[in-house]
>>> print(open('final_16.cif').read())   # mmCIF, C-alpha atoms and all ligand atoms
data_upload
#
loop_
_atom_site.label_atom_id
_atom_site.label_comp_id
_atom_site.auth_asym_id
_atom_site.auth_seq_id
_atom_site.Cartn_x
_atom_site.Cartn_y
_atom_site.Cartn_z
CA MET O 30 -13.03 -12.95 -18.48
CA ASP O 31 -12.73 -16.68 -18.03
CA LYS O 32 -15.22 -18.49 -15.75
CA ALA O 33 -12.23 -19.94 -13.87
CA ASP O 34 -11.04 -16.38 -13.10
CA GLU O 35 -14.21 -15.52 -11.19
CA ILE O 36 -13.75 -14.82 -7.50
CA SER O 37 -16.40 -15.87 -4.98
CA ASP O 38 -17.77 -13.32 -2.49
CA GLU O 39 -16.64 -15.57 0.33
CA GLU O 40 -13.02 -15.25 -0.83
CA LEU O 41 -13.36 -11.60 -1.72
CA PHE O 42 -14.77 -10.38 1.59
CA LYS O 43 -12.35 -12.20 3.87
CA GLN O 44 -10.14 -9.91 5.95
CA PRO O 45 -6.74 -10.42 4.25
CA PRO O 46 -3.73 -11.53 6.29
CA PRO O 47 -1.77 -8.54 7.64
CA LYS O 48 1.40 -7.53 5.80
CA GLU O 49 4.82 -8.47 7.13
CA ASP O 50 5.68 -6.92 10.51
CA CYS O 51 8.66 -4.61 10.88
CA PRO O 52 11.66 -6.99 10.94
CA ILE O 53 13.30 -5.04 13.77
CA CYS O 54 10.58 -4.26 16.34
CA PHE O 55 8.19 -7.03 15.16
CA LEU O 56 5.18 -4.72 15.36
CA ARG O 57 2.52 -4.38 12.71
CA MET O 58 3.66 -2.04 9.95
CA PRO O 59 1.74 1.25 9.69
CA LEU O 60 -0.16 1.70 6.44
CA LEU O 61 1.16 5.18 5.68
CA LEU O 62 3.86 5.12 3.02
CA LEU O 63 6.09 7.60 1.25
CA ASN O 64 4.99 11.08 2.14
CA PRO O 65 3.85 11.09 4.93
CA THR O 66 5.73 8.04 5.92
CA GLY O 67 5.21 5.26 8.43
CA SER O 68 7.81 2.98 6.91
CA LYS O 69 10.65 3.09 4.44
CA TYR O 70 11.84 0.67 1.76
CA GLN O 71 15.58 0.00 2.01
CA THR O 72 17.22 -0.36 -1.40
CA CYS O 73 20.19 -2.28 0.14
CA CYS O 74 18.36 -5.30 1.56
CA GLY O 75 14.84 -4.79 0.21
CA LYS O 76 13.32 -4.61 3.71
CA MET O 77 10.54 -2.27 4.81
CA ILE O 78 11.48 -0.66 8.12
CA CYS O 79 9.04 1.22 10.36
CA SER O 80 9.40 4.92 11.17
CA GLY O 81 10.24 4.19 14.82
CA CYS O 82 13.16 1.90 13.96
CA CYS O 83 14.44 4.28 11.23
CA HIS O 84 14.46 7.16 13.69
CA ALA O 85 16.03 5.07 16.49
CA VAL O 86 19.08 4.42 14.27
CA ALA O 87 19.20 7.90 12.70
CA LYS O 88 19.21 9.69 16.06
CA THR O 89 22.29 7.84 17.40
CA LYS O 90 24.49 9.30 14.60
CA LYS O 91 27.35 6.98 15.56
CA THR O 92 28.72 7.01 12.02
CA ALA O 93 29.25 9.89 9.60
CA ILE O 94 27.22 8.12 6.90
CA PRO O 95 23.71 6.96 7.85
CA LEU O 96 23.32 3.17 7.88
CA CYS O 97 20.37 0.95 6.99
CA PRO O 98 18.62 0.11 10.30
CA PHE O 99 18.40 -3.54 9.23
CA CYS O 100 21.55 -4.62 7.35
CA ARG O 101 23.81 -1.70 8.39
CA THR O 102 24.86 -0.91 4.81
CA PRO O 103 25.44 2.83 4.20
CA ILE O 104 22.20 4.41 2.93
CA PRO O 105 22.51 5.99 -0.57
CA THR O 106 23.15 9.70 -0.16
CA SER O 107 22.19 10.80 -3.69
CA LYS O 108 19.22 10.05 -5.93
CA VAL O 109 21.57 8.61 -8.60
CA GLU O 110 23.06 6.19 -6.08
CA MET O 111 19.61 5.21 -4.86
CA ILE O 112 18.41 4.48 -8.41
CA GLU O 113 21.55 2.37 -9.03
CA LYS O 114 20.88 0.32 -5.89
CA GLU O 115 17.25 -0.12 -6.82
CA LYS O 116 18.29 -1.39 -10.27
CA LYS O 117 20.33 -4.10 -8.55
CA ARG O 118 17.27 -5.12 -6.53
CA VAL O 119 15.32 -5.31 -9.79
CA GLU O 120 17.97 -7.60 -11.28
CA ALA O 121 17.75 -9.76 -8.15
CA GLY O 122 14.00 -10.16 -8.81
CA ASP O 123 12.77 -8.07 -5.84
CA ALA O 124 9.06 -7.54 -6.59
CA THR O 125 8.80 -4.26 -4.65
CA ALA O 126 11.82 -2.81 -6.46
CA ILE O 127 10.35 -3.86 -9.82
CA ASN O 128 7.05 -2.22 -8.93
CA ASN O 129 8.81 1.00 -7.82
CA LEU O 130 10.80 1.12 -11.05
CA VAL O 131 7.74 0.51 -13.17
CA VAL O 132 5.82 3.30 -11.46
CA CYS O 133 8.68 5.55 -12.69
CA HIS O 134 8.14 4.23 -16.25
CA ARG O 135 4.39 4.72 -15.97
CA ASP O 136 4.64 8.27 -14.63
CA GLY O 137 7.81 9.26 -16.55
CA ARG O 138 9.75 10.00 -13.33
CA ASN O 139 13.44 9.78 -12.27
CA GLY O 140 14.63 10.26 -15.84
CA TYR O 141 12.61 7.38 -17.34
CA PRO O 142 10.51 8.18 -20.41
CA GLN O 143 6.80 7.54 -19.93
CA ASP O 144 5.86 4.17 -21.44
CA HIS O 145 2.51 2.68 -20.42
CA THR O 146 2.87 -0.53 -22.44
CA LYS O 147 6.26 -1.32 -20.96
CA ALA O 148 4.94 -0.47 -17.49
CA LEU O 149 2.01 -2.85 -17.84
CA ASP O 150 4.34 -5.63 -18.95
CA PHE O 151 6.53 -5.19 -15.87
CA PHE O 152 3.58 -4.89 -13.48
CA HIS O 153 2.56 -8.37 -14.60
CA ARG O 154 6.09 -9.58 -13.87
CA ALA O 155 6.10 -8.08 -10.36
CA ALA O 156 2.61 -9.44 -9.69
CA ILE O 157 3.79 -12.97 -10.51
CA LEU O 158 6.63 -12.46 -8.02
CA GLY O 159 4.07 -11.68 -5.34
CA ASP O 160 3.82 -7.89 -5.33
CA PHE O 161 0.10 -7.29 -4.78
CA GLU O 162 0.44 -3.58 -5.41
CA SER O 163 1.20 -4.48 -9.04
CA PHE O 164 -2.31 -5.89 -9.38
CA LEU O 165 -3.58 -2.53 -8.15
CA ASN O 166 -1.52 -0.79 -10.84
CA ILE O 167 -2.79 -3.15 -13.56
CA GLY O 168 -6.35 -2.45 -12.39
CA TYR O 169 -5.63 1.27 -12.51
CA ALA O 170 -4.34 0.94 -16.10
CA TYR O 171 -7.57 -0.78 -17.16
CA GLU O 172 -9.75 1.73 -15.32
CA ASN O 173 -7.97 4.68 -16.95
CA GLY O 174 -7.02 3.23 -20.34
CA GLU O 175 -3.26 3.56 -19.85
CA GLY O 176 -1.54 1.30 -22.38
CA VAL O 177 -4.79 -0.68 -22.83
CA GLU O 178 -8.42 -0.05 -23.73
CA VAL O 179 -10.61 0.94 -20.76
CA ASP O 180 -12.13 -2.29 -19.41
CA MET O 181 -13.97 -1.97 -16.11
CA GLU O 182 -14.53 -5.71 -15.78
CA LYS O 183 -10.78 -6.32 -15.95
CA ALA O 184 -10.06 -3.32 -13.71
CA THR O 185 -12.37 -4.75 -11.05
CA HIS O 186 -10.81 -8.20 -11.42
CA TYR O 187 -7.29 -6.91 -10.82
CA TYR O 188 -8.41 -4.70 -7.94
CA GLU O 189 -10.00 -7.79 -6.41
CA LEU O 190 -6.75 -9.78 -6.70
CA ALA O 191 -4.83 -6.91 -5.10
CA ALA O 192 -7.42 -6.43 -2.34
CA MET O 193 -7.43 -10.13 -1.45
CA GLY O 194 -3.65 -9.96 -1.09
CA GLY O 195 -4.07 -7.12 1.39
CA ASP O 196 -3.73 -4.03 -0.81
CA VAL O 197 -5.79 -1.43 1.00
CA ASN O 198 -5.94 1.07 -1.87
CA ALA O 199 -7.37 -1.57 -4.21
CA ARG O 200 -9.91 -2.44 -1.50
CA HIS O 201 -10.86 1.22 -1.21
CA ASN O 202 -11.22 1.51 -5.02
CA LEU O 203 -13.56 -1.50 -5.03
CA GLY O 204 -15.69 0.27 -2.41
CA ILE O 205 -15.87 3.36 -4.60
CA LEU O 206 -16.80 1.33 -7.71
CA SER O 207 -19.54 -0.51 -5.76
CA ALA O 208 -20.91 2.77 -4.38
CA LYS O 209 -20.90 4.30 -7.89
CA SER O 210 -22.90 1.35 -9.22
CA GLY O 211 -25.41 1.88 -6.38
CA ASN O 212 -24.48 -1.21 -4.34
CA VAL O 213 -23.99 0.40 -0.94
CA ASP O 214 -23.94 -2.95 0.89
CA ARG O 215 -20.90 -4.12 -1.07
CA ALA O 216 -19.28 -0.71 -0.79
CA LEU O 217 -19.65 -0.80 3.00
CA LYS O 218 -18.13 -4.28 3.17
CA HIS O 219 -15.09 -3.15 1.17
CA PHE O 220 -14.69 0.09 3.14
CA LEU O 221 -14.90 -1.78 6.45
CA ILE O 222 -12.12 -4.21 5.48
CA ALA O 223 -9.94 -1.30 4.32
CA THR O 224 -10.65 0.57 7.57
CA ARG O 225 -9.60 -2.45 9.63
CA ASP O 226 -6.28 -2.32 7.77
CA GLY O 227 -5.81 1.36 8.50
CA GLN O 228 -7.38 3.21 5.55
CA SER O 229 -8.75 6.34 7.21
CA VAL O 230 -10.21 7.59 3.90
CA SER O 231 -12.49 4.52 3.86
CA LEU O 232 -13.52 5.29 7.43
CA ASN O 233 -14.43 8.83 6.37
CA LEU O 234 -16.55 7.50 3.51
CA ILE O 235 -18.44 5.20 5.90
CA LYS O 236 -19.05 8.25 8.10
CA ASP O 237 -20.27 10.08 5.01
CA LEU O 238 -22.64 7.25 4.05
CA TYR O 239 -23.96 7.21 7.64
CA SER O 240 -24.53 10.97 7.73
CA LYS O 241 -26.49 10.76 4.46
CA GLY O 242 -28.63 7.91 5.78
CA HIS O 243 -27.13 5.20 3.50
CA ALA O 244 -25.44 3.35 6.38
CA THR O 245 -26.66 2.54 9.89
CA LYS O 246 -25.21 3.77 13.16
CA GLU O 247 -24.10 0.19 13.76
CA ASP O 248 -22.08 0.24 10.51
CA TYR O 249 -20.32 3.42 11.58
CA THR O 250 -19.66 2.16 15.12
CA LYS O 251 -18.20 -1.05 13.69
CA ALA O 252 -15.94 1.01 11.43
CA LEU O 253 -14.71 3.17 14.34
CA GLN O 254 -13.93 0.04 16.34
CA ALA O 255 -12.12 -1.51 13.38
CA TYR O 256 -9.92 1.57 12.99
CA GLN O 257 -9.20 1.64 16.72
CA ALA O 258 -8.16 -2.03 16.60
CA TYR O 259 -5.72 -1.16 13.80
CA LEU O 260 -4.31 1.76 15.83
CA ASN O 261 -3.84 -0.50 18.86
CA GLU O 262 -1.73 -2.82 16.73
CA ILE O 263 0.54 -0.20 15.21
CA LYS O 264 1.08 2.22 18.11
CA SER O 265 4.40 2.14 19.93
CA PRO O 266 6.36 4.58 22.13
CA GLN O 267 9.28 4.39 19.67
CA ARG O 268 7.08 5.36 16.72
CA ASP O 269 5.44 8.11 18.78
CA GLU O 270 8.87 9.47 19.63
CA ALA O 271 9.82 9.50 15.94
CA ALA O 272 6.58 11.27 14.99
CA ALA O 273 7.12 13.84 17.75
CA TYR O 274 10.65 14.45 16.39
CA SER O 275 9.43 15.06 12.82
CA LYS O 276 5.82 14.80 11.74
CA GLU O 277 6.80 15.35 8.13
CA LYS O 278 9.25 12.44 8.11
CA TYR O 279 7.79 9.99 10.60
CA ARG O 280 4.03 10.50 10.94
CA TYR O 281 2.58 7.01 10.97
CA TYR O 282 -1.20 7.36 11.27
ZN ZN Y 301 10.13 -1.21 13.64
ZN ZN Y 302 19.51 -2.76 4.38
#
>>> encode(input="final_16.cif", output="structure tokens", more="lines below")
Ligand SMILES: [Zn+2]
Ligand SMILES: [Zn+2]
Amino acid sequence: MDKADEISDEELFKQPPPKEDCPICFLRMPLLLLNPTGSKYQTCCGKMICSGCCHAVAKTKKTAIPLCPFCRTPIPTSKVEMIEKEKKRVEAGDATAINNLVVCHRDGRNGYPQDHTKALDFFHRAAILGDFESFLNIGYAYENGEGVEVDMEKATHYYELAAMGGDVNARHNLGILSAKSGNVDRALKHFLIATRDGQSVSLNLIKDLYSKGHATKEDYTKALQAYQAYLNEIKSPQRDEAAAYSKEKYRYY
């Protein structure tokens, strides 16, 4: 690794800026994605829409075909149609769409043959376009030797880039790596930042460290407060209504 690539602790341990708010209700986006889901990526306009706003449009059922809550384009009704739409987003240079497609290449899903080398190539492309999750995926490839030799120094470096951009899973992974190498102080710092951004698994690990005597009561209290602050930012009656309607589809924390 180049000296110029080194990241200072001051940069690394800054709380990253929150991700884009929901473009409809302007509230902070819940962290939960996919299944369970707190927000959904729209292949028509490339927007992430929160569970509350998705449900608010779905429940009106004014049209026979469900529409995108943001741009009002009919939502793809089949997987084939969805993949086609996503391909168009890829051609338009949408970083999230590129990352989604590459995950299919990496895991051999949706009819794409598994190809780690190709996946890694595209993750770099999406990362340049500003998709921080791609840095997480590059880090994961180096940690697990997928398409490259295992290289923990590089894995850590890419996790750090992702974490600084606000990727909570990369932040959590950095906490785990620090804890594994015996540096509990650094692990706690990473877990606390991830907890503030809604990662409940990090909160549980802080609780675990506290119960085993590796963290203080103050550390754990701070973590509980950080998670509560996150919840205060994401909670809304509309999202609660959606979650009450279907936990499976709309649970958001
Ligand atoms: Zn919303
Ligand atoms: Zn749309």
>>> closest_residue(input="final_16.cif", among="O:Asn261, O:Thr66, O:Ser107, O:Thr72", to="ligand ZN 302 (chain Y)", atoms="all atoms listed in the file")
O:Thr72
>>> residues_near_ligand(input="final_16.cif", ligand="ligand ZN 301 (chain Y)", cutoff="6 Å", atoms="all atoms listed in the file", output="list in words")
Cys51, Ile53, Cys54, Ile78, Cys79, Gly81 and Cys82 of chain O
>>> write_last_selection(input="final_16.cif", atoms="C-alpha atoms", output="PDB file, keeping the file's coordinate frame")
ATOM      1  CA  CYS O  51       8.660  -4.610  10.880  1.00  0.00           C
ATOM      2  CA  ILE O  53      13.300  -5.040  13.770  1.00  0.00           C
ATOM      3  CA  CYS O  54      10.580  -4.260  16.340  1.00  0.00           C
ATOM      4  CA  ILE O  78      11.480  -0.660   8.120  1.00  0.00           C
ATOM      5  CA  CYS O  79       9.040   1.220  10.360  1.00  0.00           C
ATOM      6  CA  GLY O  81      10.240   4.190  14.820  1.00  0.00           C
ATOM      7  CA  CYS O  82      13.160   1.900  13.960  1.00  0.00           C
TER       8      CYS O  82
END
>>> residues_near_ligand(input="final_16.cif", ligand="ligand ZN 302 (chain Y)", cutoff="6 Å", atoms="only C-alpha atoms and all ligand atoms", output="list in words")
Gln71, Cys73, Cys74, Cys97, Phe99, Cys100, Arg101 and Thr102 of chain O
>>> closest_atom_pairs(input="final_16.cif", of="region 73-189 of chain O", to="region 209-224 of chain O", cutoff="12 Å", atoms="all atoms listed in the file", output="CSV")
residue,atom,partner,partner_atom,distance
O:Met181,CA,O:Ser210,CA,11.8
O:Tyr188,CA,O:His219,CA,11.4
O:Glu189,CA,O:His219,CA,10.2
>>> residues_around(input="final_16.cif", residues="Gln228 (chain O)", least_positions_apart="5", cutoff="12 Å", atoms="all atoms listed in the file", output="PyMOL selection string")
chain O and resi 59-62+195-202+204+219-223+233-235+252-253+255-257+259-260+281-282
>>> atom_distance(input="final_16.cif", atom1="CA of Pro52 (chain O)", atom2="CA of Pro95 (chain O)")
18.7 Å
>>> closest_residue(input="final_16.cif", among="O:Met77, O:Leu149, O:Leu165, O:Ile94", to="Thr125 (chain O)", atoms="all atoms listed in the file")
O:Met77
>>> atom_distance(input="final_16.cif", atom1="CA of Glu277 (chain O)", atom2="CA of His84 (chain O)")
12.5 Å
>>> closest_residue(input="final_16.cif", among="O:Thr250, O:Asn139, O:Ser265, O:Thr185", to="Asp34 (chain O)", atoms="all atoms listed in the file")
O:Thr185
>>> closest_residue(input="final_16.cif", among="O:Cys83, O:Ala258, O:Ala244, O:Val131", to="Glu270 (chain O)", atoms="only C-alpha atoms")
O:Cys83
>>> atom_distance(input="final_16.cif", atom1="CA of Phe151 (chain O)", atom2="CA of Gly137 (chain O)")
14.5 Å
>>> residues_around(input="final_16.cif", residues="region 156-162 of chain O", least_positions_apart="2", cutoff="7 Å", atoms="all atoms listed in the file", output="PyMOL selection string")
chain O and resi 124-125+152-154+164-166+191+194+196
